[in-house]
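Trainee: Structure supplied as target.cif; contents: mmCIF, C-alpha atoms.
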```
data_final
#
loop_
_atom_site.label_atom_id
_atom_site.label_comp_id
_atom_site.auth_asym_id
_atom_site.auth_seq_id
_atom_site.Cartn_x
_atom_site.Cartn_y
_atom_site.Cartn_z
CA MET P 1 151.54 107.41 89.56
CA LEU P 2 151.26 111.17 89.94
CA ALA P 3 149.42 111.39 86.62
CA LEU P 4 146.92 108.73 87.75
CA VAL P 5 146.30 110.59 91.02
CA VAL P 6 145.75 113.88 89.16
CA ILE P 7 143.39 112.23 86.66
CA GLY P 8 141.44 110.61 89.48
CA LEU P 9 141.10 113.90 91.36
CA VAL P 10 139.98 115.76 88.25
CA ALA P 11 137.44 113.07 87.38
CA THR P 12 136.11 113.10 90.95
CA PHE P 13 135.83 116.88 90.90
CA LEU P 14 133.95 116.84 87.60
CA VAL P 15 131.52 114.18 88.80
CA VAL P 16 130.85 115.88 92.13
CA ASN P 17 130.53 119.27 90.49
CA ASP P 18 127.94 117.86 88.09
CA LEU P 19 125.75 116.38 90.86
CA THR P 20 122.46 118.13 91.44
CA PRO P 21 122.07 119.46 95.01
CA ARG P 22 119.10 118.18 97.00
CA TYR P 23 117.30 120.15 99.72
CA THR P 24 114.91 118.77 102.32
CA ALA P 25 112.35 120.85 104.25
CA THR P 26 110.23 119.61 107.16
CA SER P 27 106.74 120.61 108.26
CA LYS P 28 105.16 119.12 111.39
CA VAL P 29 101.46 118.43 111.95
CA LEU P 30 99.84 117.63 115.29
CA ILE P 31 97.05 115.04 115.11
CA GLN P 32 93.96 115.93 117.13
CA THR P 33 93.07 112.95 119.31
CA ASN P 34 90.14 114.26 121.34
CA GLU P 35 86.56 113.32 120.50
CA ASN P 36 83.72 115.72 119.68
CA ASN P 37 79.96 115.15 119.80
CA VAL P 38 77.20 116.93 117.92
CA VAL P 39 74.12 118.09 119.89
CA GLY P 40 74.60 115.40 122.51
CA PHE P 41 74.46 112.37 120.22
CA GLU P 42 77.35 110.01 120.93
CA ALA P 43 79.67 108.93 118.11
CA VAL P 44 78.00 111.13 115.50
CA LEU P 45 81.27 112.94 114.93
CA SER P 46 84.44 111.57 116.53
CA GLY P 47 88.03 112.74 116.53
CA ILE P 48 90.99 110.61 115.56
CA GLY P 49 91.77 107.73 117.87
CA ALA P 50 94.93 107.74 119.92
CA ASP P 51 96.24 104.30 118.91
CA SER P 52 99.08 103.61 116.51
CA ALA P 53 96.73 102.26 113.84
CA ALA P 54 94.84 105.56 113.75
CA VAL P 55 98.09 107.51 113.42
CA ALA P 56 99.25 105.17 110.65
CA SER P 57 95.93 105.79 108.88
CA GLN P 58 96.65 109.51 108.84
CA VAL P 59 100.06 108.80 107.31
CA GLU P 60 98.31 106.82 104.55
CA ILE P 61 96.00 109.77 103.93
CA LEU P 62 98.99 112.10 103.65
CA THR P 63 100.68 109.87 101.06
CA SER P 64 97.52 109.01 99.09
CA ARG P 65 97.44 109.82 95.39
CA ALA P 66 94.41 112.03 95.92
CA MET P 67 96.31 114.22 98.40
CA LEU P 68 99.42 114.26 96.21
CA GLY P 69 97.25 115.23 93.24
CA ARG P 70 96.02 118.29 95.16
CA VAL P 71 99.63 119.30 95.79
CA VAL P 72 100.35 118.90 92.07
CA ASP P 73 97.42 121.14 91.19
CA LYS P 74 98.14 123.81 93.80
CA LEU P 75 101.86 124.12 92.97
CA ASN P 76 101.30 123.54 89.23
CA LEU P 77 103.95 120.81 89.18
CA LEU P 78 102.89 119.68 85.69
CA ASP P 79 104.99 122.57 84.38
CA ASP P 80 107.94 121.79 86.66
CA PRO P 81 110.66 119.88 84.75
CA GLU P 82 111.95 118.43 88.02
CA PHE P 83 108.80 116.32 88.43
CA ASN P 84 107.53 116.17 84.85
CA PRO P 85 110.13 114.57 82.54
CA TYR P 86 107.96 115.41 79.53
CA ARG P 87 108.66 119.12 80.12
CA ARG P 88 112.44 118.75 80.41
CA PRO P 89 114.73 120.09 77.66
CA ASP P 90 116.05 117.62 75.10
CA ARG P 91 119.55 117.72 76.54
CA GLN P 92 118.31 115.97 79.69
CA ARG P 93 116.77 113.15 77.65
CA LEU P 94 119.82 112.61 75.45
CA LEU P 95 120.35 109.08 76.73
CA SER P 96 116.75 107.96 76.22
CA LEU P 97 116.05 105.04 73.90
CA ALA P 98 114.37 107.28 71.37
CA THR P 99 117.39 109.56 71.15
CA LEU P 100 119.78 106.61 70.86
CA ARG P 101 117.59 105.13 68.14
CA ASP P 102 118.00 108.28 66.07
CA LEU P 103 121.80 107.94 66.31
CA VAL P 104 121.91 104.26 65.29
CA PRO P 105 121.62 103.13 61.64
CA ASP P 106 118.49 101.14 60.75
CA TRP P 107 120.37 97.89 60.00
CA LEU P 108 122.14 98.04 63.38
CA ALA P 109 118.91 98.98 65.22
CA TYR P 110 117.16 95.89 63.82
CA SER P 111 120.04 93.63 64.81
CA LEU P 112 120.12 95.05 68.34
CA GLY P 113 116.34 94.80 68.81
CA MET P 114 115.91 98.53 69.29
CA VAL P 115 113.02 98.76 66.84
CA GLU P 116 109.62 98.54 68.47
CA PRO P 117 106.18 98.63 66.89
CA GLU P 118 104.85 102.15 66.62
CA ALA P 119 102.14 102.94 69.15
CA ALA P 120 99.08 104.97 68.33
CA PRO P 121 99.57 108.65 69.18
CA LEU P 122 97.96 109.82 72.41
CA SER P 123 95.23 112.43 72.47
CA ALA P 124 95.75 115.67 74.37
CA GLU P 125 93.64 114.38 77.29
CA GLU P 126 95.50 111.05 77.41
CA GLN P 127 98.87 112.78 77.29
CA LEU P 128 97.84 115.14 80.10
CA GLU P 129 96.64 112.20 82.21
CA LEU P 130 99.90 110.32 81.55
CA GLU P 131 101.95 113.35 82.63
CA ARG P 132 99.80 113.79 85.73
CA ARG P 133 100.32 110.16 86.82
CA THR P 134 104.06 110.51 86.21
CA VAL P 135 104.24 113.73 88.27
CA ILE P 136 102.27 112.17 91.15
CA ASP P 137 104.64 109.19 91.18
CA ALA P 138 107.67 111.50 91.23
CA LEU P 139 106.09 113.65 93.95
CA GLY P 140 105.41 110.58 96.11
CA ALA P 141 109.09 109.69 95.93
CA ALA P 142 109.98 113.25 97.02
CA PHE P 143 108.05 112.95 100.31
CA GLU P 144 109.02 111.07 103.46
CA ILE P 145 106.45 110.92 106.26
CA GLU P 146 107.74 110.25 109.78
CA VAL P 147 105.77 109.75 113.00
CA ILE P 148 107.64 111.31 115.93
CA ARG P 149 107.24 108.83 118.78
CA PRO P 150 105.86 108.93 121.43
CA THR P 151 103.98 112.09 120.37
CA TYR P 152 101.09 112.50 117.94
CA VAL P 153 103.19 114.72 115.67
CA ILE P 154 103.78 113.77 112.02
CA ALA P 155 106.85 115.19 110.27
CA ILE P 156 106.41 115.84 106.54
CA ASN P 157 109.78 115.90 104.76
CA GLY P 158 109.80 117.29 101.23
CA THR P 159 112.90 116.98 99.04
CA SER P 160 113.64 118.98 95.89
CA GLU P 161 116.46 120.39 93.83
CA SER P 162 115.39 123.85 95.05
CA SER P 163 115.28 124.86 98.70
CA THR P 164 112.25 127.05 98.00
CA ARG P 165 110.43 124.24 96.24
CA ALA P 166 111.24 121.83 99.08
CA SER P 167 109.71 124.24 101.59
CA GLU P 168 106.65 124.67 99.36
CA LEU P 169 106.19 120.90 99.10
CA ALA P 170 106.28 120.30 102.86
CA ASN P 171 104.11 123.29 103.78
CA THR P 172 101.55 122.73 101.01
CA LEU P 173 101.00 119.06 101.91
CA ALA P 174 100.59 120.03 105.58
CA GLU P 175 98.11 122.80 104.74
CA LEU P 176 96.07 120.59 102.40
CA TYR P 177 95.97 117.82 105.03
CA ILE P 178 94.62 120.26 107.64
CA VAL P 179 92.03 121.60 105.20
CA ASP P 180 91.04 118.03 104.31
CA GLN P 181 90.53 117.17 107.99
CA LEU P 182 88.47 120.32 108.58
CA GLN P 183 86.37 119.60 105.49
CA ALA P 184 85.77 116.03 106.66
CA LYS P 185 84.55 117.27 110.05
CA PHE P 186 82.39 119.93 108.39
CA ASP P 187 80.82 117.31 106.09
CA ALA P 188 80.19 115.02 109.07
CA THR P 189 78.52 117.89 110.94
CA GLU P 190 76.34 118.63 107.92
CA GLN P 191 75.36 114.96 107.68
CA ALA P 192 74.55 114.87 111.39
CA ASN P 193 72.43 118.01 111.05
CA THR P 194 70.58 116.51 108.09
CA TRP P 195 70.01 113.26 109.97
CA LEU P 196 68.69 115.09 113.02
CA SER P 197 66.31 117.16 110.89
CA GLU P 198 65.01 114.06 109.14
CA ARG P 199 64.64 112.24 112.45
CA LEU P 200 62.67 115.15 113.91
CA GLY P 201 60.35 115.03 110.91
CA GLU P 202 59.87 111.29 111.38
CA LEU P 203 59.03 111.81 115.04
CA ARG P 204 56.46 114.44 114.12
CA GLN P 205 54.90 112.07 111.62
CA GLN P 206 54.85 109.31 114.23
CA VAL P 207 52.98 111.63 116.58
CA VAL P 208 50.42 112.40 113.86
CA ASP P 209 50.02 108.70 113.05
CA ALA P 210 49.69 107.85 116.74
CA GLU P 211 47.02 110.48 117.19
CA ALA P 212 45.10 109.05 114.25
CA LEU P 213 45.32 105.53 115.69
CA ILE P 214 44.20 106.79 119.10
CA ALA P 215 41.24 108.58 117.57
CA ALA P 216 40.26 105.46 115.62
CA TYR P 217 40.65 103.26 118.71
CA GLN P 218 38.62 105.72 120.77
CA THR P 219 35.82 105.65 118.25
CA GLU P 220 35.92 101.86 118.03
CA GLN P 221 35.95 101.29 121.80
CA ASN P 222 33.70 104.23 122.67
CA LEU P 223 36.29 105.73 125.00
CA GLY P 224 35.57 108.96 126.79
CA ASP P 225 36.94 112.26 125.53
CA GLU P 226 38.80 112.92 128.80
CA GLN P 227 40.89 109.72 128.55
CA SER P 228 41.70 110.39 124.90
CA ARG P 229 42.77 113.94 125.60
CA SER P 230 44.94 112.84 128.52
CA LEU P 231 46.84 110.32 126.37
CA ILE P 232 47.30 112.73 123.48
CA GLU P 233 48.40 115.55 125.78
CA GLN P 234 50.97 113.27 127.40
CA GLN P 235 52.44 112.31 124.02
CA LEU P 236 52.46 115.92 122.87
CA ASN P 237 54.17 117.02 126.09
CA ASP P 238 56.86 114.38 125.64
CA ALA P 239 57.40 115.42 122.03
CA ASN P 240 57.53 119.11 122.98
CA ALA P 241 60.04 118.38 125.73
CA GLN P 242 62.32 116.58 123.24
CA LEU P 243 61.89 119.42 120.77
CA THR P 244 62.79 122.00 123.43
CA VAL P 245 65.98 120.13 124.35
CA ALA P 246 66.97 119.82 120.69
CA ARG P 247 66.35 123.53 120.07
CA SER P 248 68.38 124.47 123.16
CA GLU P 249 71.33 122.38 122.04
CA LEU P 250 71.05 123.79 118.52
CA ALA P 251 71.02 127.36 119.87
CA GLY P 252 74.12 126.68 121.97
CA ALA P 253 75.96 125.17 119.04
CA GLN P 254 74.94 128.09 116.79
CA ALA P 255 76.13 130.61 119.40
CA ASN P 256 79.54 128.89 119.63
CA TYR P 257 79.78 128.83 115.85
CA ASN P 258 78.93 132.54 115.52
CA GLN P 259 81.49 133.40 118.23
CA ILE P 260 84.26 131.49 116.48
CA GLN P 261 83.43 133.10 113.12
CA ALA P 262 83.49 136.58 114.68
CA LEU P 263 86.80 135.89 116.42
CA LEU P 264 88.37 134.57 113.21
CA GLN P 265 87.44 137.81 111.45
CA ASN P 266 88.64 140.08 114.28
CA GLU P 267 91.18 139.32 117.00
CA GLY P 268 91.61 135.58 116.47
CA VAL P 269 90.23 132.38 117.97
CA SER P 270 92.81 132.39 120.82
CA SER P 271 90.69 135.00 122.66
CA ALA P 272 87.60 132.79 122.80
CA ALA P 273 86.13 132.15 126.25
CA GLN P 274 86.70 128.39 125.95
CA VAL P 275 90.37 129.02 125.12
CA LEU P 276 90.91 131.57 127.90
CA ALA P 277 89.29 129.24 130.44
CA ASN P 278 91.35 126.21 129.45
CA PRO P 279 93.49 125.18 132.47
CA LEU P 280 96.41 123.95 130.34
CA ILE P 281 96.55 127.18 128.32
CA GLN P 282 96.42 129.22 131.55
CA GLN P 283 99.31 127.19 132.95
CA LEU P 284 101.34 127.55 129.74
CA ARG P 285 100.79 131.31 129.61
CA GLN P 286 101.83 131.58 133.27
CA GLN P 287 105.03 129.69 132.43
CA GLU P 288 105.56 132.00 129.45
CA ALA P 289 105.19 135.06 131.69
CA GLU P 290 107.70 133.65 134.20
CA VAL P 291 110.24 132.89 131.48
CA LYS P 292 109.77 136.41 130.04
CA ARG P 293 110.43 137.92 133.49
CA ASN P 294 113.53 135.75 133.78
CA LEU P 295 114.64 136.90 130.31
CA ALA P 296 114.19 140.52 131.33
CA GLU P 297 116.41 139.98 134.39
CA LEU P 298 119.05 138.18 132.32
CA SER P 299 119.01 140.97 129.71
CA THR P 300 120.13 143.43 132.38
CA ARG P 301 123.23 141.30 133.10
CA TYR P 302 124.18 139.64 129.84
CA GLY P 303 124.27 140.39 126.17
CA GLU P 304 121.80 139.00 123.64
CA LYS P 305 124.33 136.32 122.51
CA HIS P 306 124.74 134.86 126.01
CA PRO P 307 123.73 131.16 126.25
CA GLU P 308 121.23 131.81 129.03
CA ILE P 309 119.59 134.56 126.95
CA ILE P 310 119.39 132.24 123.93
CA ASN P 311 118.00 129.37 126.02
CA ALA P 312 115.33 131.63 127.54
CA GLN P 313 114.28 132.89 124.09
CA ALA P 314 114.10 129.32 122.78
CA GLU P 315 111.98 128.29 125.78
CA ILE P 316 109.57 131.18 125.09
CA GLU P 317 109.25 130.12 121.45
CA ASP P 318 108.56 126.50 122.48
CA LEU P 319 105.88 127.63 124.95
CA GLN P 320 104.27 129.84 122.30
CA ARG P 321 104.19 126.97 119.80
CA THR P 322 102.67 124.69 122.44
CA ILE P 323 100.00 127.29 123.23
CA GLU P 324 99.18 127.69 119.53
CA GLY P 325 98.87 123.92 119.12
CA GLU P 326 96.55 123.64 122.15
CA VAL P 327 94.40 126.54 120.83
#
```
Take the structure from the file and write it as structure tokens.

Mentor:
Amino acid sequence: MLALVVIGLVATFLVVNDLTPRYTATSKVLIQTNENNVVGFEAVLSGIGADSAAVASQVEILTSRAMLGRVVDKLNLLDDPEFNPYRRPDRQRLLSLATLRDLVPDWLAYSLGMVEPEAAPLSAEEQLELERRTVIDALGAAFEIEVIRPTYVIAINGTSESSTRASELANTLAELYIVDQLQAKFDATEQANTWLSERLGELRQQVVDAEALIAAYQTEQNLGDEQSRSLIEQQLNDANAQLTVARSELAGAQANYNQIQALLQNEGVSSAAQVLANPLIQQLRQQEAEVKRNLAELSTRYGEKHPEIINAQAEIEDLQRTIEGEV
């Protein structure tokens, strides 16, 4: 009985010792739910809706093969044996059918049905595409996307045999998702700008065509010059008024864009006038200042390891993260 217990303990130790450790890192993304309009035209460019279906759609985007493929390319996972079994050493594929086939005599392989018809060799491009699909499948299994209810925060959990790689997976997917959303909004803005330019050209052409029709009608009906000029001037005034409004809105949008670009290159977007004037940010910064004053008072009485000191520091960090998210 003692020998059986010892053997069991040794076997358990060997099995546990041989297990590969797994690490999971989490990165959180806040979904923007407010709507934006371009130069006053409704629904030209909208933000993400606030319903559960819209949030679920963002989860599908995060787990799409296109997004996972970008992670593969950025982290060069094709060369990572953890996700690409074709790059693993032979000792990890010892139990594969091909390896077992080499160890079995031909007569026994035929009797066991281990002999399969030889497939045509893959080209370099086909092999690379096969490895890429395999890596994307493995990467999809390494991610777990969780919606934190009742907020609009999505938690991206990346799991890997390396703690560093797990952190890279979660952070890279979050960064690529944010870049993808910004690119989508930029493309929509470009499309809206193109549409507005084309529409303005059409309106100009309509004015020219209308003037030609008016001139032809005036000639046909022998209308006086004063009546013709009055009608044309009215149409031109209306068109000029619309053009003035469009130019004003374009100038305002361009000014905001230039301000944001300058702030990004210098002190940061958090110092923009729109950000400084935001009531919620002002309230959060006031709360941050009060907590900092409280922390200063506590620091005079307690040490840095005191629970109240730790709680105050944690509250400051939470307020700072909330301010950053609102910015």

Trainee: Using only C-alpha atoms, determine which residues lie at most 9 Å from region 284-286 of chain P, disregarding the query and same-chain residues fewer than 4 positions distant; provide the list as a VMD selection string.

Mentor: chain P and resid 279 to 280 290 to 291 319 to 320 322 to 323

Trainee: Output C-alpha atoms of each residue in that selection to a file, as a PDB file, in the frame of the given file.

Mentor:
```
ATOM      1  CA  PRO P 279      93.490 125.180 132.470  1.00  0.00           C
ATOM      2  CA  LEU P 280      96.410 123.950 130.340  1.00  0.00           C
ATOM      3  CA  GLU P 290     107.700 133.650 134.200  1.00  0.00           C
ATOM      4  CA  VAL P 291     110.240 132.890 131.480  1.00  0.00           C
ATOM      5  CA  LEU P 319     105.880 127.630 124.950  1.00  0.00           C
ATOM      6  CA  GLN P 320     104.270 129.840 122.300  1.00  0.00           C
ATOM      7  CA  THR P 322     102.670 124.690 122.440  1.00  0.00           C
ATOM      8  CA  ILE P 323     100.000 127.290 123.230  1.00  0.00           C
TER       9      ILE P 323
END
```

Trainee: Of the candidates P:Ala66, P:Val245, P:Ala277, P:Val327, which shows the shortest atom-to-atom distance to Leu139 (chain P), using all atoms listed in the file?

Mentor: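 That would be P:Ala66, the residue with the smallest distance to Leu139 (chain P).
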
Trainee: When the PyMOL selection byres ((chain P and resi 120-131) around 9) is applied to the file above, which residues end up in the set, as a PyMOL selection string?

Mentor: chain P and resi 78+84-86+118-119+132-136

Trainee: Rounded to one decimal, what separation in Å do you get between CA of Leu295 (chain P) and CA of Ile309 (chain P)?

Mentor: 6.4 Å

Trainee: So the first atom is CA of Thr159 (chain P) and the second is CA of Leu62 (chain P); what is the distance between them in Å, to one decimal place?

Mentor: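 Separating CA of Thr159 (chain P) from CA of Leu62 (chain P) is a distance of 15.4 Å.
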
Trainee: Using Å and a single decimal, report how far CA of Leu75 (chain P) sits from CA of Arg165 (chain P).

Mentor: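 Result for CA of Arg165 (chain P) versus CA of Leu75 (chain P): 9.2 Å, one decimal.
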
Trainee: So which one's closest to Ile214 (chain P), P:Ile31, P:Leu2, P:Leu176, P:Leu231? Using all atoms listed in the file, please.

Mentor: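 Checking each of P:Ile31, P:Leu2, P:Leu176, P:Leu231 against Ile214 (chain P), counting all atoms listed in the file, the winner is P:Leu231.
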
Trainee: Tell me which protein, DNA and RNA residues are within 12 Å of Gly140 (chain P), counting only C-alpha atoms, leaving out same-chain ones fewer than 5 positions away, and put them as a list in words.

Mentor: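 Near neighbours after the sequence-gap exclusion: Glu60, Leu62, Thr63, Ser64, Arg65, Ala66, Met67, Leu68, Gly69, Val71, Val72, Phe83, Arg133, Thr134, Val135, Ile145, Ile156, Asn157, Gly158, Thr159, Ser160, Leu169, Ala170 and Leu173 of chain P.
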
Trainee: For Leu203 (chain P), please output as a ChimeraX atom specification all residues within 12 Å (counting only C-alpha atoms; exclusion window: fewer than 2 positions along the same chain).

Mentor: /P:196-201,205-210,235-236,238-240,242-243

Trainee: Running the PyMOL selection byres ((chain P and resi 59) around 12) on this model by hand, what would come out? Give it as a ChimeraX atom specification.

Mentor: /P:29-31,52-58,60-64,67,143-148,152-156,173-174,177

Trainee: Can you pull out every residue within 12 Å of Leu250 (chain P), counting all atoms listed in the file, but drop anything in the same chain fewer than 2 positions away, and send it as a tab-separated table (two decimals) with C-alpha atoms, in the coordinates of the input?

Mentor:
```
chain	number	residue	atom	x	y	z
P	38	VAL	CA	77.20	116.93	117.92
P	39	VAL	CA	74.12	118.09	119.89
P	40	GLY	CA	74.60	115.40	122.51
P	192	ALA	CA	74.55	114.87	111.39
P	193	ASN	CA	72.43	118.01	111.05
P	196	LEU	CA	68.69	115.09	113.02
P	197	SER	CA	66.31	117.16	110.89
P	243	LEU	CA	61.89	119.42	120.77
P	244	THR	CA	62.79	122.00	123.43
P	245	VAL	CA	65.98	120.13	124.35
P	246	ALA	CA	66.97	119.82	120.69
P	247	ARG	CA	66.35	123.53	120.07
P	248	SER	CA	68.38	124.47	123.16
P	252	GLY	CA	74.12	126.68	121.97
P	253	ALA	CA	75.96	125.17	119.04
P	254	GLN	CA	74.94	128.09	116.79
P	255	ALA	CA	76.13	130.61	119.40
P	256	ASN	CA	79.54	128.89	119.63
P	257	TYR	CA	79.78	128.83	115.85
```

Trainee: With all atoms listed in the file as the atoms that count, which of P:Glu326, P:Asn294, P:Asn237, P:Pro89 lies nearest to Asn278 (chain P)?

Mentor: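 Smallest separation from Asn278 (chain P) among the options: P:Glu326.
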
Trainee: Because the input lacks atoms here, generate all heavy atoms for region 17-26 of chain P and report them as a short mmCIF file (atom, residue, chain, number, x, y, z; two decimals), keeping the file's coordinate frame.

Mentor:
```
data_model
loop_
_atom_site.label_atom_id
_atom_site.label_comp_id
_atom_site.auth_asym_id
_atom_site.auth_seq_id
_atom_site.Cartn_x
_atom_site.Cartn_y
_atom_site.Cartn_z
N ASN P 17 130.99 117.96 90.92
CA ASN P 17 130.53 119.27 90.49
C ASN P 17 129.26 119.18 89.65
O ASN P 17 128.45 120.12 89.60
CB ASN P 17 131.63 119.99 89.71
CG ASN P 17 131.29 121.44 89.42
OD1 ASN P 17 131.05 122.23 90.33
ND2 ASN P 17 131.25 121.79 88.14
N ASP P 18 129.09 118.03 88.95
CA ASP P 18 127.94 117.86 88.09
C ASP P 18 126.72 117.33 88.84
O ASP P 18 125.62 117.30 88.30
CB ASP P 18 128.28 116.89 86.94
CG ASP P 18 127.21 116.91 85.85
OD1 ASP P 18 126.90 118.00 85.34
OD2 ASP P 18 126.67 115.83 85.55
N LEU P 19 126.89 116.90 90.11
CA LEU P 19 125.75 116.38 90.86
C LEU P 19 124.77 117.50 91.19
O LEU P 19 125.16 118.62 91.49
CB LEU P 19 126.23 115.73 92.17
CG LEU P 19 127.04 114.43 92.03
CD1 LEU P 19 127.50 113.96 93.39
CD2 LEU P 19 126.20 113.35 91.35
N THR P 20 123.50 117.16 91.13
CA THR P 20 122.46 118.13 91.44
C THR P 20 122.25 118.19 92.96
O THR P 20 122.03 117.17 93.59
CB THR P 20 121.14 117.73 90.77
OG1 THR P 20 121.34 117.63 89.37
CG2 THR P 20 120.05 118.75 91.06
N PRO P 21 122.30 119.36 93.57
CA PRO P 21 122.07 119.46 95.01
C PRO P 21 120.63 119.12 95.36
O PRO P 21 119.70 119.36 94.57
CB PRO P 21 122.38 120.93 95.32
CG PRO P 21 122.17 121.65 94.03
CD PRO P 21 122.56 120.67 92.95
N ARG P 22 120.43 118.56 96.53
CA ARG P 22 119.10 118.18 97.00
C ARG P 22 118.84 118.87 98.35
O ARG P 22 119.69 118.84 99.23
CB ARG P 22 118.97 116.67 97.16
CG ARG P 22 119.39 115.86 95.94
CD ARG P 22 118.42 115.99 94.80
NE ARG P 22 117.16 115.31 95.11
CZ ARG P 22 116.13 115.30 94.27
NH1 ARG P 22 116.20 115.95 93.11
NH2 ARG P 22 115.04 114.64 94.59
N TYR P 23 117.67 119.46 98.49
CA TYR P 23 117.30 120.15 99.72
C TYR P 23 116.06 119.47 100.31
O TYR P 23 115.16 119.05 99.58
CB TYR P 23 116.98 121.63 99.45
CG TYR P 23 118.14 122.40 98.86
CD1 TYR P 23 118.30 122.47 97.47
CD2 TYR P 23 119.06 123.04 99.66
CE1 TYR P 23 119.35 123.17 96.90
CE2 TYR P 23 120.12 123.75 99.10
CZ TYR P 23 120.26 123.81 97.73
OH TYR P 23 121.30 124.51 97.17
N THR P 24 116.03 119.38 101.62
CA THR P 24 114.91 118.77 102.32
C THR P 24 114.36 119.75 103.35
O THR P 24 115.11 120.28 104.17
CB THR P 24 115.32 117.46 103.02
OG1 THR P 24 115.78 116.53 102.04
CG2 THR P 24 114.13 116.86 103.77
N ALA P 25 113.04 119.99 103.28
CA ALA P 25 112.35 120.85 104.25
C ALA P 25 111.34 120.00 105.03
O ALA P 25 110.80 119.03 104.50
CB ALA P 25 111.63 122.00 103.54
N THR P 26 111.10 120.39 106.28
CA THR P 26 110.23 119.61 107.16
C THR P 26 109.11 120.49 107.70
O THR P 26 109.36 121.62 108.13
CB THR P 26 111.02 119.01 108.33
OG1 THR P 26 112.05 118.17 107.81
CG2 THR P 26 110.11 118.18 109.23
#
```
